[in-house]
>>> print(open('query_14.txt').read())   # compact mmCIF, C-alpha atoms
# COMPACT_ATOMS: atom_id res chain seq x y z
CA MET A 1 46.38 -44.71 2.20
CA ARG A 2 47.39 -41.41 3.76
CA ALA A 3 46.87 -39.69 0.40
CA ILE A 4 43.32 -41.11 0.16
CA VAL A 5 42.45 -39.97 3.69
CA ALA A 6 43.83 -36.49 2.97
CA GLY A 7 41.77 -36.28 -0.22
CA LEU A 8 38.58 -37.28 1.59
CA ALA A 9 39.29 -34.68 4.28
CA LEU A 10 39.45 -32.01 1.60
CA LEU A 11 36.29 -33.19 -0.13
CA LEU A 12 34.08 -33.41 2.97
CA PRO A 13 33.99 -29.64 3.62
CA LEU A 14 33.16 -29.05 -0.04
CA ALA A 15 30.33 -31.57 0.12
CA SER A 16 28.89 -29.96 3.22
CA LEU A 17 28.98 -26.55 1.56
CA GLY A 18 27.29 -27.90 -1.52
CA GLY A 19 24.50 -29.39 0.61
CA GLU A 20 23.61 -26.05 2.23
CA GLU A 21 20.52 -24.37 0.82
CA ALA A 22 21.29 -21.02 -0.80
CA ALA A 23 19.57 -18.00 0.72
CA PRO A 24 16.67 -16.68 -1.43
CA ARG A 25 17.52 -13.62 -3.53
CA TRP A 26 14.02 -12.69 -4.73
CA SER A 27 10.65 -12.38 -3.02
CA VAL A 28 7.22 -11.64 -4.52
CA GLY A 29 4.02 -11.07 -2.60
CA ALA A 30 0.43 -9.88 -2.79
CA GLY A 31 -2.22 -8.99 -0.23
CA VAL A 32 -4.41 -6.24 1.15
CA SER A 33 -4.09 -3.13 3.31
CA PHE A 34 -6.93 -2.55 5.73
CA ALA A 35 -6.52 1.20 6.25
CA ASP A 36 -5.38 4.34 4.52
CA ASP A 37 -1.86 5.23 5.67
CA GLY A 38 -2.66 8.92 6.17
CA LEU A 39 -0.97 10.20 2.99
CA LEU A 40 -3.83 9.39 0.67
CA LEU A 41 -6.32 12.00 -0.39
CA ARG A 42 -9.49 11.24 1.54
CA SER A 43 -9.24 14.21 3.91
CA ASN A 44 -9.05 16.65 1.00
CA LEU A 45 -11.78 15.09 -1.16
CA SER A 46 -14.30 14.19 1.55
CA SER A 47 -16.78 11.65 0.18
CA LEU A 48 -15.14 11.64 -3.26
CA ALA A 49 -12.21 9.53 -2.12
CA PRO A 50 -12.34 5.75 -1.53
CA SER A 51 -13.81 4.83 1.82
CA THR A 52 -11.36 3.80 4.54
CA THR A 53 -13.34 0.54 4.83
CA VAL A 54 -12.40 -0.48 1.27
CA PRO A 55 -9.20 -2.59 1.34
CA PHE A 56 -6.31 -1.60 -0.90
CA VAL A 57 -4.99 -4.43 -3.08
CA ARG A 58 -1.19 -4.50 -3.05
CA ALA A 59 1.73 -6.37 -4.60
CA SER A 60 5.49 -6.07 -4.27
CA LEU A 61 8.77 -7.43 -5.59
CA GLU A 62 11.89 -7.57 -3.40
CA ARG A 63 15.54 -8.18 -4.35
CA ARG A 64 18.23 -9.06 -1.81
CA VAL A 65 21.05 -6.50 -1.99
CA GLY A 66 22.87 -7.50 1.21
CA ALA A 67 23.00 -10.19 3.87
CA ALA A 68 19.92 -8.74 5.58
CA THR A 69 18.88 -5.90 3.24
CA TRP A 70 16.22 -6.00 0.51
CA LEU A 71 15.30 -3.53 -2.22
CA VAL A 72 11.50 -3.12 -2.35
CA LEU A 73 9.26 -2.13 -5.29
CA GLY A 74 5.50 -2.09 -4.74
CA VAL A 75 2.13 -1.02 -6.10
CA ALA A 76 -1.25 -0.57 -4.41
CA GLY A 77 -4.71 0.48 -5.52
CA ALA A 78 -8.38 0.69 -4.59
CA PHE A 79 -11.65 1.15 -6.47
CA GLU A 80 -15.08 1.98 -5.10
CA THR A 81 -18.46 2.58 -6.69
CA ASP A 82 -21.74 3.57 -5.08
CA ASP A 83 -25.10 3.74 -6.88
CA ALA A 84 -27.77 4.81 -4.43
CA PRO A 85 -31.43 4.47 -5.49
CA PRO A 86 -33.37 7.71 -6.14
CA ALA A 87 -34.63 9.26 -2.92
CA PRO A 88 -37.63 11.56 -2.41
CA ALA A 89 -36.71 15.12 -3.36
CA TYR A 90 -37.21 16.45 0.15
CA TYR A 91 -34.41 14.20 1.42
CA LEU A 92 -31.90 15.55 -1.12
CA ALA A 93 -29.92 12.39 -0.45
CA SER A 94 -29.77 10.43 -3.69
CA ASP A 95 -26.22 10.22 -5.01
CA SER A 96 -23.89 7.94 -6.94
CA GLY A 97 -20.25 7.95 -7.79
CA SER A 98 -17.02 6.07 -8.21
CA SER A 99 -13.37 6.57 -7.39
CA TRP A 100 -10.03 4.88 -7.89
CA GLN A 101 -6.67 5.46 -6.28
CA GLY A 102 -3.23 4.06 -7.05
CA ARG A 103 0.31 4.30 -5.71
CA VAL A 104 3.85 3.17 -6.56
CA ALA A 105 6.48 2.76 -3.84
CA ALA A 106 10.21 2.02 -3.62
CA GLY A 107 12.54 1.63 -0.66
CA LEU A 108 14.48 -0.72 1.59
CA ARG A 109 13.65 -3.45 4.08
CA ARG A 110 16.17 -4.50 6.74
CA GLU A 111 15.90 -7.81 8.60
CA LEU A 112 16.54 -7.42 12.34
CA THR A 113 16.44 -11.06 13.46
CA PRO A 114 18.88 -13.90 12.65
CA PRO A 115 17.92 -16.39 9.90
CA ALA A 116 17.22 -19.15 12.44
CA ALA A 117 14.60 -17.13 14.34
CA PRO A 118 11.02 -18.52 14.24
CA PHE A 119 9.73 -15.10 13.14
CA ALA A 120 11.49 -12.56 10.91
CA LEU A 121 11.22 -8.98 12.17
CA SER A 122 12.03 -6.22 9.68
CA ALA A 123 12.17 -2.43 9.50
CA MET A 124 11.07 -0.68 6.30
CA LEU A 125 11.66 2.76 4.77
CA LEU A 126 9.63 3.64 1.65
CA ALA A 127 9.04 6.59 -0.68
CA ASP A 128 5.92 6.67 -2.85
CA VAL A 129 3.88 8.66 -5.34
CA GLY A 130 0.25 8.22 -6.36
CA GLY A 131 -2.90 9.69 -7.84
CA LEU A 132 -6.67 9.66 -7.59
CA SER A 133 -9.65 10.23 -9.87
CA ALA A 134 -13.24 10.42 -8.65
CA ASN A 135 -16.71 11.57 -9.66
CA ARG A 136 -20.02 11.97 -7.85
CA LYS A 137 -23.61 12.97 -8.65
CA TYR A 138 -26.08 14.32 -6.08
CA LEU A 139 -29.05 16.65 -5.59
CA ALA A 140 -28.47 20.18 -4.30
CA VAL A 141 -30.52 23.31 -3.61
CA PRO A 142 -28.53 26.33 -4.91
CA THR A 143 -30.58 28.91 -2.99
CA LEU A 144 -33.31 28.84 -0.37
CA GLY A 145 -36.69 28.14 -1.98
CA SER A 146 -35.25 27.08 -5.36
CA GLU A 147 -35.71 23.70 -6.95
CA ALA A 148 -33.20 20.93 -6.44
CA VAL A 149 -30.75 20.40 -9.29
CA ASP A 150 -28.44 17.55 -10.22
CA VAL A 151 -24.80 18.33 -9.51
CA ARG A 152 -21.83 16.41 -10.82
CA GLU A 153 -18.41 16.71 -9.21
CA GLU A 154 -15.15 15.51 -10.70
CA ALA A 155 -11.91 15.35 -8.77
CA ARG A 156 -8.28 14.49 -9.32
CA GLY A 157 -5.27 14.50 -7.05
CA MET A 158 -1.64 13.61 -6.51
CA VAL A 159 0.38 12.61 -3.47
CA ALA A 160 4.05 12.03 -2.62
CA GLY A 161 5.57 11.01 0.66
CA VAL A 162 7.84 8.84 2.78
CA SER A 163 6.98 6.31 5.47
CA ALA A 164 8.67 4.04 7.99
CA GLY A 165 7.21 0.81 9.29
CA ALA A 166 7.76 -2.68 10.61
CA ALA A 167 6.93 -6.20 9.43
CA VAL A 168 6.72 -9.65 11.03
CA GLU A 169 7.02 -12.67 8.73
CA ARG A 170 6.40 -16.34 9.49
CA GLN A 171 7.46 -19.13 7.14
CA LEU A 172 4.61 -21.53 6.31
CA THR A 173 6.38 -23.95 3.98
CA SER A 174 9.62 -23.94 2.01
CA GLY A 175 9.72 -20.54 0.30
CA LEU A 176 6.16 -19.57 1.28
CA SER A 177 5.52 -17.16 4.16
CA LEU A 178 2.88 -14.89 5.68
CA ARG A 179 3.77 -11.26 6.44
CA ILE A 180 1.95 -8.80 8.70
CA ALA A 181 3.19 -5.22 8.38
CA SER A 182 2.18 -1.68 9.26
CA THR A 183 3.29 1.88 8.64
CA VAL A 184 4.39 3.55 11.89
CA LEU A 185 5.45 7.06 10.82
CA SER A 186 4.64 8.94 7.62
CA ALA A 187 4.98 12.39 6.06
CA GLY A 188 3.90 13.67 2.68
CA TRP A 189 2.48 16.34 0.40
CA SER A 190 -0.83 16.16 -1.46
CA TRP A 191 -2.69 18.23 -4.05
CA THR A 192 -6.36 17.83 -4.97
CA GLU A 193 -8.78 19.68 -7.23
CA VAL A 194 -12.58 19.37 -7.26
CA LYS A 195 -14.73 20.71 -10.13
CA PRO A 196 -18.51 20.90 -9.45
CA SER A 197 -20.87 21.45 -12.37
CA ASN A 198 -22.70 24.25 -10.49
CA GLY A 199 -19.70 26.27 -9.32
CA SER A 200 -16.03 27.09 -9.65
CA ALA A 201 -13.21 24.63 -9.14
CA ARG A 202 -11.41 24.51 -5.81
CA SER A 203 -8.02 23.04 -5.00
CA VAL A 204 -6.23 22.10 -1.80
CA ARG A 205 -2.52 21.65 -1.13
CA ALA A 206 -1.54 20.08 2.16
CA PHE A 207 1.38 18.61 4.08
CA ARG A 208 0.75 15.89 6.63
CA GLY A 209 3.00 13.96 8.96
CA GLY A 210 3.03 12.00 12.19
CA LEU A 211 2.16 8.67 13.74
CA THR A 212 0.29 6.38 11.35
CA LEU A 213 -1.05 2.84 11.67
CA ALA A 214 -1.95 1.04 8.45
CA PRO A 215 -1.90 -2.77 8.85
CA SER A 216 -1.44 -5.02 5.84
CA LEU A 217 -1.42 -8.75 5.20
CA GLU A 218 0.62 -10.44 2.45
CA LEU A 219 1.35 -13.95 1.23
CA ARG A 220 4.93 -14.10 -0.09
CA LEU A 221 7.07 -16.49 -2.12
CA ALA A 222 10.87 -16.39 -1.84
CA PHE A 223 13.21 -17.98 -4.37
>>> encode(input="query_14.txt", output="structure tokens")
Amino acid sequence: MRAIVAGLALLLPLASLGGEEAAPRWSVGAGVSFADDGLLLRSNLSSLAPSTTVPFVRASLERRVGAATWLVLGVAGAFETDDAPPAPAYYLASDSGSSWQGRVAAGLRRELTPPAAPFALSAMLLADVGGLSANRKYLAVPTLGSEAVDVREEARGMVAGVSAGAAVERQLTSGLSLRIASTVLSAGWSWTEVKPSNGSARSVRAFRGGLTLAPSLELRLAF
């Protein structure tokens, strides 16, 4: 009898361990960003870049590399097109164009709250690179008194930078959660070149850094 009781005592801890749910090791998510994070190329390309009102579609894959640390790989992009109807010549306002912008990011996310907390608070550090291509057509008057001519501009650009941010995640069901995140600080380098059909090409190189707010919303699945 004593041998049976001793055997059961040894088996009970093993059974309890086997009943515990293993912590997820992967997480995938997709969502939107509602603002440019300050490193994109809008300031250098003026109206050629995607509007800040156009949401960026984003997706990411995360892999657990520690008890509270995740490796993050992500992509984001935006596309915008604008075809304005012809305007009277004296307005010189008819224009059309399109632009796309894409980025790839990699970094780390660190959970700051215990697993039993109702909300998961995380800190993130990311590095990213990206590019842009845009074109635009509009009417212009080269010199005073001359006739308006159609002008076509083409642009391209690159950007690289680092950013730090925070995220709050709430579990909805088993494995499914909603994450709200934002960049807080960012710094980066950008290069852009614009080629108008009625003039010479111009290029801009710039470094930007400082406080940045770029909220995003993602639906995530952990497994």
>>> residues_near_point(input="query_14.txt", point="(2.4, 13.8, -0.8)", cutoff="10 Å", atoms="only C-alpha atoms", output="mmCIF file with C-alpha atoms, in the coordinates of the input")
data_model
loop_
_atom_site.group_PDB
_atom_site.id
_atom_site.type_symbol
_atom_site.label_atom_id
_atom_site.label_comp_id
_atom_site.auth_asym_id
_atom_site.auth_seq_id
_atom_site.Cartn_x
_atom_site.Cartn_y
_atom_site.Cartn_z
ATOM 1 C CA GLY A 38 -2.660 8.920 6.170
ATOM 2 C CA LEU A 39 -0.970 10.200 2.990
ATOM 3 C CA LEU A 40 -3.830 9.390 0.670
ATOM 4 C CA LEU A 41 -6.320 12.000 -0.390
ATOM 5 C CA ALA A 127 9.040 6.590 -0.680
ATOM 6 C CA ASP A 128 5.920 6.670 -2.850
ATOM 7 C CA VAL A 129 3.880 8.660 -5.340
ATOM 8 C CA GLY A 130 0.250 8.220 -6.360
ATOM 9 C CA GLY A 131 -2.900 9.690 -7.840
ATOM 10 C CA GLY A 157 -5.270 14.500 -7.050
ATOM 11 C CA MET A 158 -1.640 13.610 -6.510
ATOM 12 C CA VAL A 159 0.380 12.610 -3.470
ATOM 13 C CA ALA A 160 4.050 12.030 -2.620
ATOM 14 C CA GLY A 161 5.570 11.010 0.660
ATOM 15 C CA VAL A 162 7.840 8.840 2.780
ATOM 16 C CA SER A 186 4.640 8.940 7.620
ATOM 17 C CA ALA A 187 4.980 12.390 6.060
ATOM 18 C CA GLY A 188 3.900 13.670 2.680
ATOM 19 C CA TRP A 189 2.480 16.340 0.400
ATOM 20 C CA SER A 190 -0.830 16.160 -1.460
ATOM 21 C CA TRP A 191 -2.690 18.230 -4.050
ATOM 22 C CA ARG A 205 -2.520 21.650 -1.130
ATOM 23 C CA ALA A 206 -1.540 20.080 2.160
ATOM 24 C CA PHE A 207 1.380 18.610 4.080
ATOM 25 C CA ARG A 208 0.750 15.890 6.630
ATOM 26 C CA GLY A 209 3.000 13.960 8.960
#
>>> atom_distance(input="query_14.txt", atom1="CA of Ala222 (chain A)", atom2="CA of Trp26 (chain A)")
5.7 Å
>>> atom_distance(input="query_14.txt", atom1="CA of Ala123 (chain A)", atom2="CA of Ser33 (chain A)")
17.4 Å
>>> residues_around(input="query_14.txt", residues="Glu218 (chain A)", least_positions_apart="4", cutoff="10 Å", atoms="only C-alpha atoms", output="list in words")
Val28, Gly29, Ala30, Gly31, Val32, Ser33, Val57, Arg58, Ala59, Ser60, Glu169, Ser177, Leu178, Arg179, Ile180 and Ala181 of chain A
>>> closest_residue(input="query_14.txt", among="A:Ala155, A:Asp150, A:Leu73, A:Leu185", to="Val204 (chain A)", atoms="all atoms listed in the file")
A:Ala155
>>> closest_residue(input="query_14.txt", among="A:Thr173, A:Ser182, A:Ser122, A:Ser98", to="Arg220 (chain A)", atoms="all atoms listed in the file")
A:Thr173
>>> residues_around(input="query_14.txt", residues="Asp82 (chain A)", least_positions_apart="6", cutoff="10 Å", atoms="all atoms listed in the file", output="PyMOL selection string")
chain A and resi 95-99+136
>>> closest_residue(input="query_14.txt", among="A:Ala166, A:Ser200, A:Gly175, A:Ala106", to="Ser27 (chain A)", atoms="all atoms listed in the file")
A:Gly175
>>> closest_residue(input="query_14.txt", among="A:Pro24, A:Phe56, A:Thr192, A:Glu111", to="Leu221 (chain A)", atoms="all atoms listed in the file")
A:Pro24
>>> atom_distance(input="query_14.txt", atom1="CA of Arg156 (chain A)", atom2="CA of Val194 (chain A)")
6.8 Å
>>> residues_near_point(input="query_14.txt", point="(18.2, -8.5, -0.6)", cutoff="12 Å", atoms="only C-alpha atoms", output="list in words")
Ala23, Pro24, Arg25, Trp26, Ser27, Leu61, Glu62, Arg63, Arg64, Val65, Gly66, Ala67, Ala68, Thr69, Trp70, Leu71, Val72, Leu73, Gly107, Leu108, Arg109, Arg110, Glu111, Ala222 and Phe223 of chain A
>>> closest_residue(input="query_14.txt", among="A:Gln101, A:Phe34, A:Ala22, A:Gln171", to="Leu217 (chain A)", atoms="only C-alpha atoms")
A:Phe34
>>> decode(input="query_14.txt", residues="region 56-188 of chain A", atoms="C-alpha atoms", output="mmCIF file, in the first residue's frame")
data_model
loop_
_atom_site.group_PDB
_atom_site.id
_atom_site.type_symbol
_atom_site.label_atom_id
_atom_site.label_comp_id
_atom_site.auth_asym_id
_atom_site.auth_seq_id
_atom_site.Cartn_x
_atom_site.Cartn_y
_atom_site.Cartn_z
ATOM 1 C CA PHE A 56 -0.642 52.132 -43.891
ATOM 2 C CA VAL A 57 -1.472 48.418 -44.076
ATOM 3 C CA ARG A 58 0.885 46.398 -41.883
ATOM 4 C CA ALA A 59 1.655 42.806 -40.932
ATOM 5 C CA SER A 60 4.195 41.205 -38.618
ATOM 6 C CA LEU A 61 5.535 37.871 -37.426
ATOM 7 C CA GLU A 62 6.959 37.442 -33.907
ATOM 8 C CA ARG A 63 9.012 34.598 -32.414
ATOM 9 C CA ARG A 64 9.544 34.150 -28.679
ATOM 10 C CA VAL A 65 13.280 34.119 -27.898
ATOM 11 C CA GLY A 66 13.033 34.451 -24.111
ATOM 12 C CA ALA A 67 10.568 34.318 -21.244
ATOM 13 C CA ALA A 68 9.344 37.846 -22.051
ATOM 14 C CA THR A 69 11.280 38.736 -25.228
ATOM 15 C CA TRP A 70 10.081 38.444 -28.831
ATOM 16 C CA LEU A 71 11.898 38.815 -32.144
ATOM 17 C CA VAL A 72 9.811 40.985 -34.513
ATOM 18 C CA LEU A 73 9.736 41.023 -38.333
ATOM 19 C CA GLY A 74 7.265 43.350 -40.048
ATOM 20 C CA VAL A 75 6.211 44.965 -43.310
ATOM 21 C CA ALA A 76 4.054 48.019 -44.032
ATOM 22 C CA GLY A 77 2.871 49.816 -47.143
ATOM 23 C CA ALA A 78 0.511 52.424 -48.554
ATOM 24 C CA PHE A 79 -0.839 53.309 -51.992
ATOM 25 C CA GLU A 80 -2.674 56.429 -53.092
ATOM 26 C CA THR A 81 -4.047 57.630 -56.417
ATOM 27 C CA ASP A 82 -5.715 60.910 -57.287
ATOM 28 C CA ASP A 83 -7.355 61.704 -60.641
ATOM 29 C CA ALA A 84 -8.754 65.222 -60.533
ATOM 30 C CA PRO A 85 -11.112 66.303 -63.342
ATOM 31 C CA PRO A 86 -9.795 68.914 -65.817
ATOM 32 C CA ALA A 87 -10.095 72.433 -64.444
ATOM 33 C CA PRO A 88 -10.390 75.711 -66.369
ATOM 34 C CA ALA A 89 -6.955 76.838 -67.545
ATOM 35 C CA TYR A 90 -6.995 79.991 -65.452
ATOM 36 C CA TYR A 91 -7.158 77.905 -62.266
ATOM 37 C CA LEU A 92 -4.043 75.899 -63.186
ATOM 38 C CA ALA A 93 -5.278 73.335 -60.694
ATOM 39 C CA SER A 94 -5.983 70.143 -62.605
ATOM 40 C CA ASP A 95 -3.623 67.359 -61.562
ATOM 41 C CA SER A 96 -3.445 63.603 -61.134
ATOM 42 C CA GLY A 97 -0.953 61.193 -59.731
ATOM 43 C CA SER A 98 -0.221 58.095 -57.718
ATOM 44 C CA SER A 99 2.297 56.970 -55.145
ATOM 45 C CA TRP A 100 3.262 53.890 -53.182
ATOM 46 C CA GLN A 101 5.492 53.433 -50.184
ATOM 47 C CA GLY A 102 6.791 50.312 -48.451
ATOM 48 C CA ARG A 103 8.938 49.398 -45.468
ATOM 49 C CA VAL A 104 10.516 46.342 -43.821
ATOM 50 C CA ALA A 105 11.327 46.326 -40.097
ATOM 51 C CA ALA A 106 13.094 44.046 -37.608
ATOM 52 C CA GLY A 107 13.674 44.338 -33.886
ATOM 53 C CA LEU A 108 12.695 43.219 -30.400
ATOM 54 C CA ARG A 109 9.616 43.467 -28.195
ATOM 55 C CA ARG A 110 9.887 43.087 -24.415
ATOM 56 C CA GLU A 111 6.866 42.314 -22.228
ATOM 57 C CA LEU A 112 6.805 44.437 -19.061
ATOM 58 C CA THR A 113 3.794 42.934 -17.262
ATOM 59 C CA PRO A 114 3.388 39.437 -15.750
ATOM 60 C CA PRO A 115 1.488 36.791 -17.769
ATOM 61 C CA ALA A 116 -1.529 36.981 -15.444
ATOM 62 C CA ALA A 117 -2.076 40.721 -15.993
ATOM 63 C CA PRO A 118 -5.365 41.694 -17.733
ATOM 64 C CA PHE A 119 -3.405 43.806 -20.233
ATOM 65 C CA ALA A 120 0.055 43.106 -21.654
ATOM 66 C CA LEU A 121 2.303 46.177 -21.788
ATOM 67 C CA SER A 122 5.380 45.950 -24.009
ATOM 68 C CA ALA A 123 8.332 48.086 -25.086
ATOM 69 C CA MET A 124 9.591 47.832 -28.675
ATOM 70 C CA LEU A 125 12.844 48.714 -30.457
ATOM 71 C CA LEU A 126 12.858 48.466 -34.271
ATOM 72 C CA ALA A 127 15.155 49.190 -37.212
ATOM 73 C CA ASP A 128 13.684 49.590 -40.699
ATOM 74 C CA VAL A 129 14.378 50.401 -44.334
ATOM 75 C CA GLY A 130 11.955 51.430 -47.060
ATOM 76 C CA GLY A 131 11.356 53.101 -50.394
ATOM 77 C CA LEU A 132 8.891 55.214 -52.333
ATOM 78 C CA SER A 133 7.895 55.776 -55.950
ATOM 79 C CA ALA A 134 5.513 58.503 -57.084
ATOM 80 C CA ASN A 135 4.366 60.426 -60.152
ATOM 81 C CA ARG A 136 2.200 63.491 -60.728
ATOM 82 C CA LYS A 137 0.835 65.503 -63.656
ATOM 83 C CA TYR A 138 -0.252 69.146 -63.418
ATOM 84 C CA LEU A 139 -0.503 72.419 -65.350
ATOM 85 C CA ALA A 140 2.231 75.039 -64.964
ATOM 86 C CA VAL A 141 3.126 78.429 -66.432
ATOM 87 C CA PRO A 142 6.906 78.457 -67.128
ATOM 88 C CA THR A 143 7.139 82.252 -67.489
ATOM 89 C CA LEU A 144 4.825 85.188 -66.981
ATOM 90 C CA GLY A 145 2.481 85.588 -69.966
ATOM 91 C CA SER A 146 3.298 82.182 -71.491
ATOM 92 C CA GLU A 147 0.810 79.416 -72.080
ATOM 93 C CA ALA A 148 0.231 76.708 -69.513
ATOM 94 C CA VAL A 149 1.977 73.405 -70.201
ATOM 95 C CA ASP A 150 1.507 69.904 -68.846
ATOM 96 C CA VAL A 151 4.253 68.889 -66.446
ATOM 97 C CA ARG A 152 4.969 65.377 -65.255
ATOM 98 C CA GLU A 153 7.036 64.715 -62.147
ATOM 99 C CA GLU A 154 8.512 61.395 -61.138
ATOM 100 C CA ALA A 155 10.052 60.733 -57.752
ATOM 101 C CA ARG A 156 11.824 57.979 -55.895
ATOM 102 C CA GLY A 157 13.279 57.753 -52.425
ATOM 103 C CA MET A 158 14.806 55.619 -49.696
ATOM 104 C CA VAL A 159 14.717 55.758 -45.916
ATOM 105 C CA ALA A 160 16.437 53.975 -43.022
ATOM 106 C CA GLY A 161 15.973 54.502 -39.331
ATOM 107 C CA VAL A 162 15.360 53.246 -35.805
ATOM 108 C CA SER A 163 12.381 53.745 -33.522
ATOM 109 C CA ALA A 164 11.247 52.973 -29.988
ATOM 110 C CA GLY A 165 7.642 52.540 -28.939
ATOM 111 C CA ALA A 166 5.119 50.915 -26.662
ATOM 112 C CA ALA A 167 2.209 48.500 -27.104
ATOM 113 C CA VAL A 168 -0.820 47.458 -25.055
ATOM 114 C CA GLU A 169 -2.409 44.093 -25.861
ATOM 115 C CA ARG A 170 -5.698 42.630 -24.636
ATOM 116 C CA GLN A 171 -6.628 38.976 -25.114
ATOM 117 C CA LEU A 172 -10.048 38.522 -26.726
ATOM 118 C CA THR A 173 -10.257 34.727 -26.880
ATOM 119 C CA SER A 174 -7.789 31.870 -26.583
ATOM 120 C CA GLY A 175 -4.841 32.873 -28.773
ATOM 121 C CA LEU A 176 -6.580 35.918 -30.288
ATOM 122 C CA SER A 177 -5.771 39.428 -29.059
ATOM 123 C CA LEU A 178 -6.073 43.108 -29.983
ATOM 124 C CA ARG A 179 -2.957 45.302 -29.859
ATOM 125 C CA ILE A 180 -2.737 49.096 -29.803
ATOM 126 C CA ALA A 181 0.783 50.444 -30.307
ATOM 127 C CA SER A 182 2.600 53.649 -31.144
ATOM 128 C CA THR A 183 6.084 54.870 -31.953
ATOM 129 C CA VAL A 184 7.370 57.241 -29.254
ATOM 130 C CA LEU A 185 10.874 58.182 -30.425
ATOM 131 C CA SER A 186 12.416 57.862 -33.888
ATOM 132 C CA ALA A 187 15.524 58.856 -35.832
ATOM 133 C CA GLY A 188 16.486 58.207 -39.424
#
